[in-house]
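Heads up, structure_5.json below (JSON, C-alpha atoms):
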[["chain", "number", "residue", "atom", "x", "y", "z"],
["A", 116, "MET", "CA", -50.05, -3.92, -12.61],
["A", 117, "SER", "CA", -51.83, -3.35, -15.90],
["A", 118, "GLU", "CA", -54.04, -6.42, -16.21],
["A", 119, "GLU", "CA", -56.59, -4.60, -18.38],
["A", 120, "LYS", "CA", -54.33, -4.31, -21.42],
["A", 121, "THR", "CA", -55.49, -5.90, -24.65],
["A", 122, "ARG", "CA", -53.12, -8.82, -25.12],
["A", 123, "SER", "CA", -52.28, -11.17, -27.94],
["A", 124, "GLY", "CA", -53.50, -14.73, -27.61],
["A", 125, "LYS", "CA", -49.86, -15.80, -27.59],
["A", 126, "ASN", "CA", -49.01, -13.51, -24.67],
["A", 127, "LYS", "CA", -47.86, -15.69, -21.76],
["A", 128, "THR", "CA", -47.07, -12.93, -19.26],
["A", 129, "VAL", "CA", -47.76, -14.13, -15.71],
["A", 130, "LEU", "CA", -50.80, -12.31, -14.32],
["A", 131, "LEU", "CA", -53.00, -12.76, -11.25],
["A", 132, "ASP", "CA", -56.75, -13.10, -11.03],
["A", 133, "PRO", "CA", -58.57, -12.10, -7.79],
["A", 134, "GLU", "CA", -58.77, -15.66, -6.48],
["A", 135, "GLU", "CA", -55.06, -16.28, -7.07],
["A", 136, "ARG", "CA", -54.19, -13.02, -5.38],
["A", 137, "GLU", "CA", -56.04, -14.07, -2.22],
["A", 138, "LEU", "CA", -54.56, -17.58, -2.34],
["A", 139, "TYR", "CA", -50.96, -16.43, -2.64],
["A", 140, "LYS", "CA", -51.34, -13.73, -0.03],
["A", 141, "ARG", "CA", -51.80, -16.50, 2.53],
["A", 142, "ARG", "CA", -48.49, -18.06, 1.54],
["A", 143, "LEU", "CA", -46.38, -14.96, 2.14],
["A", 144, "ILE", "CA", -44.19, -14.57, 5.20],
["A", 145, "ARG", "CA", -44.90, -11.15, 6.68],
["A", 146, "GLU", "CA", -44.45, -11.08, 10.45],
["A", 147, "VAL", "CA", -40.95, -10.16, 11.57],
["A", 148, "PRO", "CA", -39.89, -12.50, 14.40],
["A", 149, "PRO", "CA", -39.03, -10.95, 17.78],
["A", 150, "SER", "CA", -35.53, -12.46, 17.69],
["A", 151, "ALA", "CA", -33.17, -14.18, 15.29],
["A", 152, "LEU", "CA", -34.50, -17.36, 13.73],
["A", 153, "LYS", "CA", -32.70, -20.64, 14.42],
["A", 154, "LYS", "CA", -33.55, -22.01, 10.97],
["A", 155, "PRO", "CA", -34.15, -20.08, 7.75],
["A", 156, "PRO", "CA", -37.67, -20.18, 6.32],
["A", 157, "THR", "CA", -38.29, -21.33, 2.76],
["A", 158, "GLY", "CA", -40.52, -19.23, 0.54],
["A", 159, "THR", "CA", -41.21, -15.55, 0.02],
["A", 160, "ILE", "CA", -40.93, -12.80, 2.62],
["A", 161, "ASN", "CA", -42.99, -9.69, 1.93],
["A", 162, "GLY", "CA", -40.87, -7.06, 3.61],
["A", 163, "SER", "CA", -37.62, -5.13, 3.59],
["A", 164, "CYS", "CA", -34.34, -7.04, 3.58],
["A", 165, "MET", "CA", -32.86, -4.26, 5.73],
["A", 166, "GLU", "CA", -35.46, -4.99, 8.39],
["A", 167, "TRP", "CA", -35.29, -8.78, 8.10],
["A", 168, "ALA", "CA", -31.51, -9.17, 7.85],
["A", 169, "GLY", "CA", -30.90, -9.12, 11.60],
["A", 170, "HIS", "CA", -33.56, -11.80, 12.14],
["A", 171, "LEU", "CA", -32.08, -14.34, 9.74],
["A", 172, "PRO", "CA", -29.87, -17.10, 11.20],
["A", 173, "ARG", "CA", -26.12, -17.11, 10.82],
["A", 174, "GLY", "CA", -24.28, -19.17, 8.24],
["A", 175, "PHE", "CA", -27.14, -20.77, 6.31],
["A", 176, "ALA", "CA", -26.76, -19.40, 2.76],
["A", 177, "ASP", "CA", -24.55, -21.07, 0.16],
["A", 178, "LEU", "CA", -25.34, -18.43, -2.46],
["A", 179, "LEU", "CA", -26.34, -14.79, -2.09],
["A", 180, "PHE", "CA", -27.75, -13.27, -5.27],
["A", 181, "LEU", "CA", -28.07, -9.50, -5.02],
["A", 182, "ASP", "CA", -30.02, -7.62, -7.69],
["A", 183, "PRO", "CA", -30.71, -4.30, -5.94],
["A", 184, "PRO", "CA", -32.01, -1.18, -7.69],
["A", 185, "TYR", "CA", -29.23, 0.17, -9.87],
["A", 186, "ASN", "CA", -28.05, 3.72, -9.28],
["A", 187, "LEU", "CA", -30.58, 5.29, -11.63],
["A", 188, "ALA", "CA", -34.15, 6.53, -11.47],
["A", 189, "LYS", "CA", -36.64, 3.66, -11.72],
["A", 190, "ASP", "CA", -40.28, 3.00, -10.86],
["A", 191, "PHE", "CA", -40.97, -0.43, -9.37],
["A", 192, "ASN", "CA", -44.76, -0.64, -9.44],
["A", 193, "GLY", "CA", -45.17, 2.62, -7.53],
["A", 194, "TRP", "CA", -42.01, 2.39, -5.42],
["A", 195, "LYS", "CA", -39.50, 4.82, -6.91],
["A", 196, "PHE", "CA", -35.74, 4.66, -6.61],
["A", 197, "SER", "CA", -33.84, 7.90, -7.29],
["A", 198, "ARG", "CA", -30.33, 8.22, -8.63],
["A", 199, "GLN", "CA", -27.82, 9.13, -5.91],
["A", 200, "ARG", "CA", -24.32, 10.49, -5.79],
["A", 201, "VAL", "CA", -21.83, 7.66, -6.28],
["A", 202, "GLU", "CA", -20.59, 7.98, -2.69],
["A", 203, "GLU", "CA", -24.14, 7.75, -1.33],
["A", 204, "TYR", "CA", -25.02, 4.70, -3.39],
["A", 205, "THR", "CA", -21.77, 3.00, -2.43],
["A", 206, "GLY", "CA", -22.57, 3.61, 1.22],
["A", 207, "TRP", "CA", -26.10, 2.27, 0.79],
["A", 208, "LEU", "CA", -24.82, -0.88, -0.89],
["A", 209, "ASN", "CA", -22.11, -1.32, 1.75],
["A", 210, "ASP", "CA", -24.77, -1.12, 4.47],
["A", 211, "ILE", "CA", -26.70, -3.94, 2.79],
["A", 212, "LEU", "CA", -23.61, -6.14, 2.65],
["A", 213, "CYS", "CA", -22.79, -5.40, 6.29],
["A", 214, "ARG", "CA", -26.27, -6.49, 7.36],
["A", 215, "LEU", "CA", -26.36, -9.65, 5.26],
["A", 216, "LYS", "CA", -22.81, -10.92, 5.54],
["A", 217, "HIS", "CA", -23.53, -12.99, 8.67],
["A", 218, "VAL", "CA", -26.01, -15.26, 6.82],
["A", 219, "LEU", "CA", -23.26, -16.66, 4.57],
["A", 220, "LYS", "CA", -21.51, -19.97, 5.02],
["A", 221, "PRO", "CA", -17.68, -19.74, 4.96],
["A", 222, "SER", "CA", -17.76, -21.38, 1.50],
["A", 223, "ALA", "CA", -20.52, -19.13, 0.13],
["A", 224, "SER", "CA", -20.52, -17.28, -3.18],
["A", 225, "VAL", "CA", -22.00, -13.83, -3.80],
["A", 226, "TYR", "CA", -23.20, -12.39, -7.11],
["A", 227, "ILE", "CA", -24.08, -8.68, -7.35],
["A", 228, "CYS", "CA", -25.84, -7.18, -10.38],
["A", 229, "GLY", "CA", -25.38, -3.70, -11.79],
["A", 230, "ASP", "CA", -24.98, -1.58, -14.88],
["A", 231, "TRP", "CA", -21.83, 0.24, -16.00],
["A", 232, "PHE", "CA", -22.44, 3.22, -13.72],
["A", 233, "THR", "CA", -23.35, 1.12, -10.68],
["A", 234, "SER", "CA", -20.39, -1.22, -11.08],
["A", 235, "ALA", "CA", -17.94, 1.28, -9.60],
["A", 236, "SER", "CA", -19.92, 1.23, -6.36],
["A", 237, "ILE", "CA", -20.28, -2.56, -6.43],
["A", 238, "PHE", "CA", -16.53, -3.14, -6.63],
["A", 239, "GLU", "CA", -15.82, -0.57, -3.91],
["A", 240, "ALA", "CA", -18.38, -2.04, -1.50],
["A", 241, "ALA", "CA", -17.86, -5.73, -2.31],
["A", 242, "SER", "CA", -14.08, -5.57, -1.99],
["A", 243, "ARG", "CA", -14.47, -4.47, 1.65],
["A", 244, "HIS", "CA", -16.15, -7.76, 2.54],
["A", 245, "PHE", "CA", -15.39, -10.42, -0.05],
["A", 246, "VAL", "CA", -12.82, -11.79, -2.46],
["A", 247, "VAL", "CA", -13.83, -10.24, -5.79],
["A", 248, "ARG", "CA", -13.10, -12.93, -8.37],
["A", 249, "ASN", "CA", -14.56, -11.72, -11.65],
["A", 250, "ARG", "CA", -16.96, -9.43, -13.44],
["A", 251, "ILE", "CA", -19.42, -11.09, -15.79],
["A", 252, "THR", "CA", -20.73, -8.88, -18.57],
["A", 253, "TRP", "CA", -23.86, -10.08, -20.30],
["A", 254, "GLU", "CA", -25.45, -8.76, -23.45],
["A", 255, "ARG", "CA", -28.84, -7.22, -22.81],
["A", 256, "GLU", "CA", -30.26, -6.93, -26.29],
["A", 257, "LYS", "CA", -33.11, -4.65, -25.28],
["A", 258, "GLY", "CA", -32.60, -0.97, -24.59],
["A", 259, "ARG", "CA", -33.21, 2.48, -25.93],
["A", 260, "GLY", "CA", -30.96, 4.01, -28.51],
["A", 261, "ALA", "CA", -28.92, 7.11, -27.81],
["A", 262, "LYS", "CA", -28.21, 10.04, -30.14],
["A", 263, "SER", "CA", -25.15, 11.40, -28.36],
["A", 264, "ASN", "CA", -23.73, 8.30, -26.66],
["A", 265, "TRP", "CA", -23.21, 4.58, -27.18],
["A", 266, "LYS", "CA", -26.37, 2.55, -26.61],
["A", 267, "ASN", "CA", -26.34, 0.65, -23.31],
["A", 268, "SER", "CA", -26.75, -3.01, -24.23],
["A", 269, "SER", "CA", -24.93, -4.84, -21.44],
["A", 270, "GLU", "CA", -25.04, -5.31, -17.69],
["A", 271, "ASP", "CA", -22.55, -6.63, -15.14],
["A", 272, "ILE", "CA", -22.64, -9.31, -12.47],
["A", 273, "TRP", "CA", -19.79, -9.30, -9.97],
["A", 274, "PHE", "CA", -18.71, -12.75, -8.75],
["A", 275, "CYS", "CA", -17.36, -12.81, -5.19],
["A", 276, "THR", "CA", -16.67, -15.39, -2.51],
["A", 277, "LEU", "CA", -16.41, -15.14, 1.23],
["A", 278, "GLY", "CA", -13.14, -17.06, 1.27],
["A", 279, "ASN", "CA", -10.83, -19.17, -0.86],
["A", 280, "LYS", "CA", -12.83, -22.38, -0.47],
["A", 281, "TYR", "CA", -15.96, -22.28, -2.58],
["A", 282, "THR", "CA", -18.06, -24.28, -5.07],
["A", 283, "PHE", "CA", -17.59, -23.90, -8.80],
["A", 284, "ASN", "CA", -19.06, -26.67, -10.98],
["A", 285, "ILE", "CA", -17.56, -25.86, -14.34],
["A", 286, "ASP", "CA", -18.91, -28.96, -16.09],
["A", 287, "ASP", "CA", -22.48, -27.91, -15.23],
["A", 288, "VAL", "CA", -22.29, -24.58, -17.05],
["A", 289, "LYS", "CA", -20.67, -25.33, -20.38],
["A", 290, "LEU", "CA", -22.07, -23.62, -23.45],
["A", 291, "ARG", "CA", -22.86, -25.62, -26.60],
["A", 292, "ARG", "CA", -21.81, -23.65, -29.65],
["A", 293, "ARG", "CA", -22.00, -24.36, -33.36],
["A", 294, "VAL", "CA", -18.63, -25.07, -34.96],
["A", 295, "MET", "CA", -18.40, -23.07, -38.18],
["A", 296, "ALA", "CA", -14.91, -24.20, -39.24],
["A", 297, "PRO", "CA", -14.36, -27.61, -37.63],
["A", 298, "TYR", "CA", -10.80, -28.81, -37.05],
["A", 299, "THR", "CA", -9.97, -32.47, -37.61],
["A", 300, "GLU", "CA", -7.09, -34.65, -36.58],
["A", 301, "ASN", "CA", -6.44, -37.70, -38.75],
["A", 302, "GLY", "CA", -9.86, -37.17, -40.27],
["A", 303, "SER", "CA", -11.70, -37.24, -36.95],
["A", 304, "PRO", "CA", -13.35, -34.34, -35.08],
["A", 305, "LYS", "CA", -11.07, -32.67, -32.52],
["A", 306, "ASP", "CA", -12.87, -31.17, -29.49],
["A", 307, "TRP", "CA", -16.24, -31.13, -31.28],
["A", 308, "GLU", "CA", -19.08, -33.49, -32.12],
["A", 309, "LYS", "CA", -20.61, -34.18, -35.50],
["A", 310, "THR", "CA", -24.41, -34.62, -35.56],
["A", 311, "LEU", "CA", -27.09, -34.75, -38.23],
["A", 312, "ALA", "CA", -28.12, -31.25, -37.17],
["A", 313, "GLY", "CA", -24.62, -29.81, -37.44],
["A", 314, "ASN", "CA", -21.31, -29.60, -35.65],
["A", 315, "TYR", "CA", -21.07, -28.58, -31.98],
["A", 316, "ARG", "CA", -18.51, -27.96, -29.27],
["A", 317, "ASP", "CA", -19.15, -27.70, -25.53],
["A", 318, "THR", "CA", -17.03, -24.72, -24.45],
["A", 319, "HIS", "CA", -15.92, -23.60, -21.01],
["A", 320, "PRO", "CA", -17.91, -20.62, -19.75],
["A", 321, "SER", "CA", -16.35, -17.18, -20.01],
["A", 322, "ASN", "CA", -17.20, -13.90, -18.31],
["A", 323, "ILE", "CA", -18.86, -12.62, -21.50],
["A", 324, "TRP", "CA", -22.41, -13.94, -21.88],
["A", 325, "THR", "CA", -24.05, -13.39, -25.27],
["A", 326, "ASP", "CA", -26.66, -16.15, -25.01],
["A", 327, "ILE", "CA", -29.12, -14.53, -22.57],
["A", 328, "THR", "CA", -32.61, -13.61, -23.74],
["A", 329, "ILE", "CA", -34.51, -10.98, -21.75],
["A", 330, "PRO", "CA", -37.97, -12.39, -20.85],
["A", 331, "PHE", "CA", -40.62, -11.07, -23.19],
["A", 332, "TRP", "CA", -44.38, -11.50, -23.66],
["A", 333, "SER", "CA", -44.34, -14.87, -25.45],
["A", 334, "MET", "CA", -42.20, -16.56, -22.78],
["A", 335, "PRO", "CA", -44.05, -18.27, -19.89],
["A", 336, "GLU", "CA", -41.57, -16.82, -17.37],
["A", 337, "ASN", "CA", -42.31, -13.23, -18.39],
["A", 338, "THR", "CA", -43.76, -10.78, -15.87],
["A", 339, "GLU", "CA", -44.34, -7.03, -15.82],
["A", 340, "HIS", "CA", -41.37, -6.39, -13.53],
["A", 341, "PRO", "CA", -39.23, -3.72, -15.26],
["A", 342, "THR", "CA", -35.83, -5.30, -14.55],
["A", 343, "GLN", "CA", -36.61, -9.03, -14.60],
["A", 344, "LYS", "CA", -33.68, -11.40, -15.08],
["A", 345, "SER", "CA", -34.12, -14.60, -17.07],
["A", 346, "GLU", "CA", -34.21, -18.09, -15.59],
["A", 347, "LYS", "CA", -31.34, -19.07, -17.89],
["A", 348, "LEU", "CA", -29.13, -16.39, -16.38],
["A", 349, "LEU", "CA", -29.92, -17.52, -12.83],
["A", 350, "ALA", "CA", -29.49, -21.17, -13.78],
["A", 351, "LYS", "CA", -25.90, -20.49, -14.85],
["A", 352, "ILE", "CA", -25.11, -18.91, -11.49],
["A", 353, "ILE", "CA", -26.96, -21.45, -9.35],
["A", 354, "LEU", "CA", -25.53, -24.49, -11.16],
["A", 355, "ALA", "CA", -22.00, -23.08, -11.06],
["A", 356, "SER", "CA", -21.94, -22.06, -7.40],
["A", 357, "THR", "CA", -24.21, -24.50, -5.54],
["A", 358, "LYS", "CA", -24.99, -28.19, -5.21],
["A", 359, "GLU", "CA", -28.40, -29.82, -4.97],
["A", 360, "GLY", "CA", -29.94, -29.09, -1.57],
["A", 361, "ASP", "CA", -27.86, -25.91, -1.05],
["A", 362, "PHE", "CA", -29.57, -22.71, 0.09],
["A", 363, "VAL", "CA", -30.03, -19.71, -2.21],
["A", 364, "LEU", "CA", -30.95, -16.28, -0.81],
["A", 365, "ASP", "CA", -32.22, -13.32, -2.84],
["A", 366, "PRO", "CA", -32.94, -10.19, -0.72],
["A", 367, "PHE", "CA", -34.33, -8.24, -3.73],
["A", 368, "LEU", "CA", -36.48, -10.99, -5.20],
["A", 369, "GLY", "CA", -38.59, -8.94, -7.60],
["A", 370, "SER", "CA", -40.97, -11.23, -9.45],
["A", 371, "GLY", "CA", -39.28, -14.39, -8.23],
["A", 372, "THR", "CA", -36.83, -15.61, -10.86],
["A", 373, "THR", "CA", -34.12, -16.63, -8.37],
["A", 374, "SER", "CA", -36.45, -18.68, -6.17],
["A", 375, "VAL", "CA", -38.20, -20.26, -9.16],
["A", 376, "THR", "CA", -34.92, -21.29, -10.77],
["A", 377, "ALA", "CA", -33.55, -22.60, -7.48],
["A", 378, "LYS", "CA", -36.68, -24.70, -7.02],
["A", 379, "LYS", "CA", -36.45, -26.12, -10.54],
["A", 380, "LEU", "CA", -32.81, -27.07, -9.91],
["A", 381, "GLY", "CA", -33.41, -28.76, -6.55],
["A", 382, "ARG", "CA", -32.04, -26.04, -4.27],
["A", 383, "ARG", "CA", -33.63, -24.54, -1.18],
["A", 384, "TYR", "CA", -34.51, -20.88, -1.43],
["A", 385, "LEU", "CA", -35.65, -17.74, 0.34],
["A", 386, "GLY", "CA", -36.62, -14.50, -1.36],
["A", 387, "ILE", "CA", -37.32, -11.11, 0.21],
["A", 388, "GLU", "CA", -39.35, -8.50, -1.65],
["A", 389, "GLN", "CA", -41.07, -5.39, -0.27],
["A", 390, "ASN", "CA", -43.66, -5.05, -3.06],
["A", 391, "GLU", "CA", -46.65, -7.32, -2.39],
["A", 392, "GLU", "CA", -47.67, -7.62, -6.04],
["A", 393, "TYR", "CA", -44.26, -8.93, -7.05],
["A", 394, "CYS", "CA", -44.35, -11.37, -4.11],
["A", 395, "LEU", "CA", -47.69, -12.73, -5.31],
["A", 396, "ILE", "CA", -46.36, -13.18, -8.84],
["A", 397, "ALA", "CA", -43.33, -14.97, -7.41],
["A", 398, "GLU", "CA", -45.60, -17.35, -5.51],
["A", 399, "LYS", "CA", -47.63, -18.07, -8.64],
["A", 400, "ARG", "CA", -44.45, -18.80, -10.57],
["A", 401, "LEU", "CA", -43.29, -21.12, -7.78],
["A", 402, "ALA", "CA", -46.59, -22.98, -8.06],
["A", 403, "MET", "CA", -46.18, -23.18, -11.84],
["A", 404, "ALA", "CA", -42.68, -24.64, -11.33],
["A", 405, "GLU", "CA", -44.21, -27.67, -9.67],
["A", 406, "GLU", "CA", -45.76, -28.60, -13.03],
["A", 407, "ASN", "CA", -43.01, -27.42, -15.36],
["A", 408, "LYS", "CA", -39.34, -27.55, -14.35],
["A", 409, "SER", "CA", -37.94, -26.68, -17.78],
["A", 410, "ILE", "CA", -35.62, -23.70, -18.22],
["A", 411, "GLN", "CA", -35.49, -22.11, -21.65],
["A", 412, "GLY", "CA", -32.01, -22.52, -23.14],
["A", 413, "LEU", "CA", -30.96, -25.34, -20.78],
["A", 414, "THR", "CA", -31.53, -28.80, -22.23],
["A", 415, "GLY", "CA", -29.84, -32.11, -21.50],
["A", 416, "GLY", "CA", -27.60, -30.50, -18.90],
["A", 417, "VAL", "CA", -26.12, -28.09, -21.44],
["A", 418, "PHE", "CA", -26.66, -24.38, -22.06],
["A", 419, "TRP", "CA", -27.35, -23.79, -25.72],
["A", 420, "GLU", "CA", -26.05, -20.84, -27.68],
["A", 421, "ARG", "CA", -28.91, -18.53, -28.62],
["A", 422, "ASN", "CA", -30.92, -19.64, -31.70],
["A", 423, "THR", "CA", -29.36, -23.14, -31.80],
["A", 424, "LEU", "CA", -31.71, -25.02, -29.48],
["A", 425, "HIS", "CA", -34.05, -26.03, -32.31],
["A", 426, "LEU", "CA", -31.18, -28.05, -33.82],
["A", 427, "GLN", "CA", -30.62, -30.16, -30.72],
["A", 428, "LYS", "CA", -32.04, -33.42, -32.10],
["A", 429, "LYS", "CA", -29.47, -35.67, -33.68]]
What's the structure tokens form of this structure?
Amino acid sequence: MSEEKTRSGKNKTVLLDPEERELYKRRLIREVPPSALKKPPTGTINGSCMEWAGHLPRGFADLLFLDPPYNLAKDFNGWKFSRQRVEEYTGWLNDILCRLKHVLKPSASVYICGDWFTSASIFEAASRHFVVRNRITWEREKGRGAKSNWKNSSEDIWFCTLGNKYTFNIDDVKLRRRVMAPYTENGSPKDWEKTLAGNYRDTHPSNIWTDITIPFWSMPENTEHPTQKSEKLLAKIILASTKEGDFVLDPFLGSGTTSVTAKKLGRRYLGIEQNEEYCLIAEKRLAMAEENKSIQGLTGGVFWERNTLHLQKK
């Protein structure tokens, strides 16, 4: 991690000082138990999910959020993932699902992240084990341009369930949008609300998400993880597919967004991450969540369309 960079005074990227590093090291779960646990731990495991999977208890997780390395070359703080043949990556992903499937409750939901190239493998592997219900595509506004191809500015999240009985709280994930051409009936608003700040409608969520902001340096949730997801993105998934007190598992925790968001929303959580530095950042963010439970873009129980939150006061 590059802590020696010259940073702007407004830079809020989560970093660790030596004392914090030693403090959070003591909070990590490291020792693999000799046999399967009877109860799942809460917190952060510093280890491989492939090694830990067989030691986790059966049927405890209400939500499995999988954000594994995509099928492309990437450096995760010194640990490098290399692009594989599609068949090899599909097999690798299928092995992960085979090892983790037993931790799911019968009513559990599973979300698997990928890009356009990885999505072929996700569908192939996921459909062997789960009911594949939808593919969410979200706009990722960052990204390099391309001279001989279309710029990649979106990613996918595949929504699956273990069975036909599952949680989906649609009223908890509505999106508040500005109404540009309001429709009235007998002079009164129809399906929208008039406020001093403008006109708004709470819309049902679709599988196209254009309201996600990638964490950047001025956001207090930002870290130096190269593929960090935003708390708003995880909040949509956790609120839709779990209830308060439910258990959320992330076997590729990264810098901790899933656990942090679960904690802020009153869910139990367990994250597994093999890179110690990312584990320590996750633990710091969990500590920060005890003081600040806000999630950018989620206010008053409603997700706000990007760039409209400042108009929320009536």
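Of the residues listed (A:Lys408, A:Lys399, A:Lys289, A:Arg421), A:Lys399 shows the shortest atom-to-atom separation from A:Leu138; distances use all atoms listed in the file.
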Which residues of stretch 204-232 of chain A sit at most 10 Å from stretch 355-375 of chain A, using only C-alpha atoms? Give each one's shortest atom pair and distance in Å (one decimal place), in chain and ascending residue order, as JSON lines.
{"residue": "A:Ile211", "atom": "CA", "partner": "A:Pro366", "partner_atom": "CA", "distance": 9.5}
{"residue": "A:Leu215", "atom": "CA", "partner": "A:Pro366", "partner_atom": "CA", "distance": 8.9}
{"residue": "A:Val218", "atom": "CA", "partner": "A:Leu364", "partner_atom": "CA", "distance": 9.1}
{"residue": "A:Leu219", "atom": "CA", "partner": "A:Leu364", "partner_atom": "CA", "distance": 9.4}
{"residue": "A:Lys220", "atom": "CA", "partner": "A:Phe362", "partner_atom": "CA", "distance": 9.8}
{"residue": "A:Ser222", "atom": "CA", "partner": "A:Ser356", "partner_atom": "CA", "distance": 9.9}
{"residue": "A:Ala223", "atom": "CA", "partner": "A:Ser356", "partner_atom": "CA", "distance": 8.2}
{"residue": "A:Ser224", "atom": "CA", "partner": "A:Ser356", "partner_atom": "CA", "distance": 6.5}
{"residue": "A:Val225", "atom": "CA", "partner": "A:Ser356", "partner_atom": "CA", "distance": 9.0}
{"residue": "A:Tyr226", "atom": "CA", "partner": "A:Ser356", "partner_atom": "CA", "distance": 9.8}
Worksheet item: So which residues touch A:Lys127 within 9 Å, counting only C-alpha atoms, skipping near sequence neighbours fewer than 5 positions away, as a PyMOL selection string?
Response: chain A and resi 331-338
Fill in: Radius query 10 Å about (-27.7, -10.2, -10.7), atoms used: only C-alpha atoms, as a ChimeraX atom specification
/A:179-183,225-230,251,270-274,343-344,348-349,352,365,367,373
Take the residues that were just selected and, keeping C-alpha atoms, output them as a PDB file, keeping the file's coordinate frame.
ATOM      1  CA  LEU A 179     -26.340 -14.790  -2.090  1.00  0.00           C
ATOM      2  CA  PHE A 180     -27.750 -13.270  -5.270  1.00  0.00           C
ATOM      3  CA  LEU A 181     -28.070  -9.500  -5.020  1.00  0.00           C
ATOM      4  CA  ASP A 182     -30.020  -7.620  -7.690  1.00  0.00           C
ATOM      5  CA  PRO A 183     -30.710  -4.300  -5.940  1.00  0.00           C
ATOM      6  CA  VAL A 225     -22.000 -13.830  -3.800  1.00  0.00           C
ATOM      7  CA  TYR A 226     -23.200 -12.390  -7.110  1.00  0.00           C
ATOM      8  CA  ILE A 227     -24.080  -8.680  -7.350  1.00  0.00           C
ATOM      9  CA  CYS A 228     -25.840  -7.180 -10.380  1.00  0.00           C
ATOM     10  CA  GLY A 229     -25.380  -3.700 -11.790  1.00  0.00           C
ATOM     11  CA  ASP A 230     -24.980  -1.580 -14.880  1.00  0.00           C
ATOM     12  CA  ILE A 251     -19.420 -11.090 -15.790  1.00  0.00           C
ATOM     13  CA  GLU A 270     -25.040  -5.310 -17.690  1.00  0.00           C
ATOM     14  CA  ASP A 271     -22.550  -6.630 -15.140  1.00  0.00           C
ATOM     15  CA  ILE A 272     -22.640  -9.310 -12.470  1.00  0.00           C
ATOM     16  CA  TRP A 273     -19.790  -9.300  -9.970  1.00  0.00           C
ATOM     17  CA  PHE A 274     -18.710 -12.750  -8.750  1.00  0.00           C
ATOM     18  CA  GLN A 343     -36.610  -9.030 -14.600  1.00  0.00           C
ATOM     19  CA  LYS A 344     -33.680 -11.400 -15.080  1.00  0.00           C
ATOM     20  CA  LEU A 348     -29.130 -16.390 -16.380  1.00  0.00           C
ATOM     21  CA  LEU A 349     -29.920 -17.520 -12.830  1.00  0.00           C
ATOM     22  CA  ILE A 352     -25.110 -18.910 -11.490  1.00  0.00           C
ATOM     23  CA  ASP A 365     -32.220 -13.320  -2.840  1.00  0.00           C
ATOM     24  CA  PHE A 367     -34.330  -8.240  -3.730  1.00  0.00           C
ATOM     25  CA  THR A 373     -34.120 -16.630  -8.370  1.00  0.00           C
TER      26      THR A 373
END
Practice prompt. Enter the distance from atom CA of A:Tyr185 to atom CA of A:Glu203, in Å, rounded to one decimal.
Written response: 12.5 Å
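Of the residues under consideration (A:Phe232, A:Tyr281, A:Trp167, A:Phe238), A:Trp167 shows the shortest atom-to-atom contact distance to A:Gly386 when counting all atoms listed in the file.
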Discussion item. Taking 4 positions as the minimum chain separation for residues in the same chain, which residues sit within 10 Å of A:Ala188 when counting only C-alpha atoms? Answer as a PyMOL selection string.
Written reply: chain A and resi 184+195-199
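Counting from atom CA of A:Tyr384, the distance to atom CA of A:Ile353 is 11.0 Å.
In this structure, atom CA of A:Gly206 sits 12.2 Å away from atom CA of A:Thr233.
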Practice prompt. Tell me which of A:Pro330, A:Thr318, A:His340, A:Ser234 sits closest to A:Val294, counting all atoms listed in the file.
Written response: A:Thr318
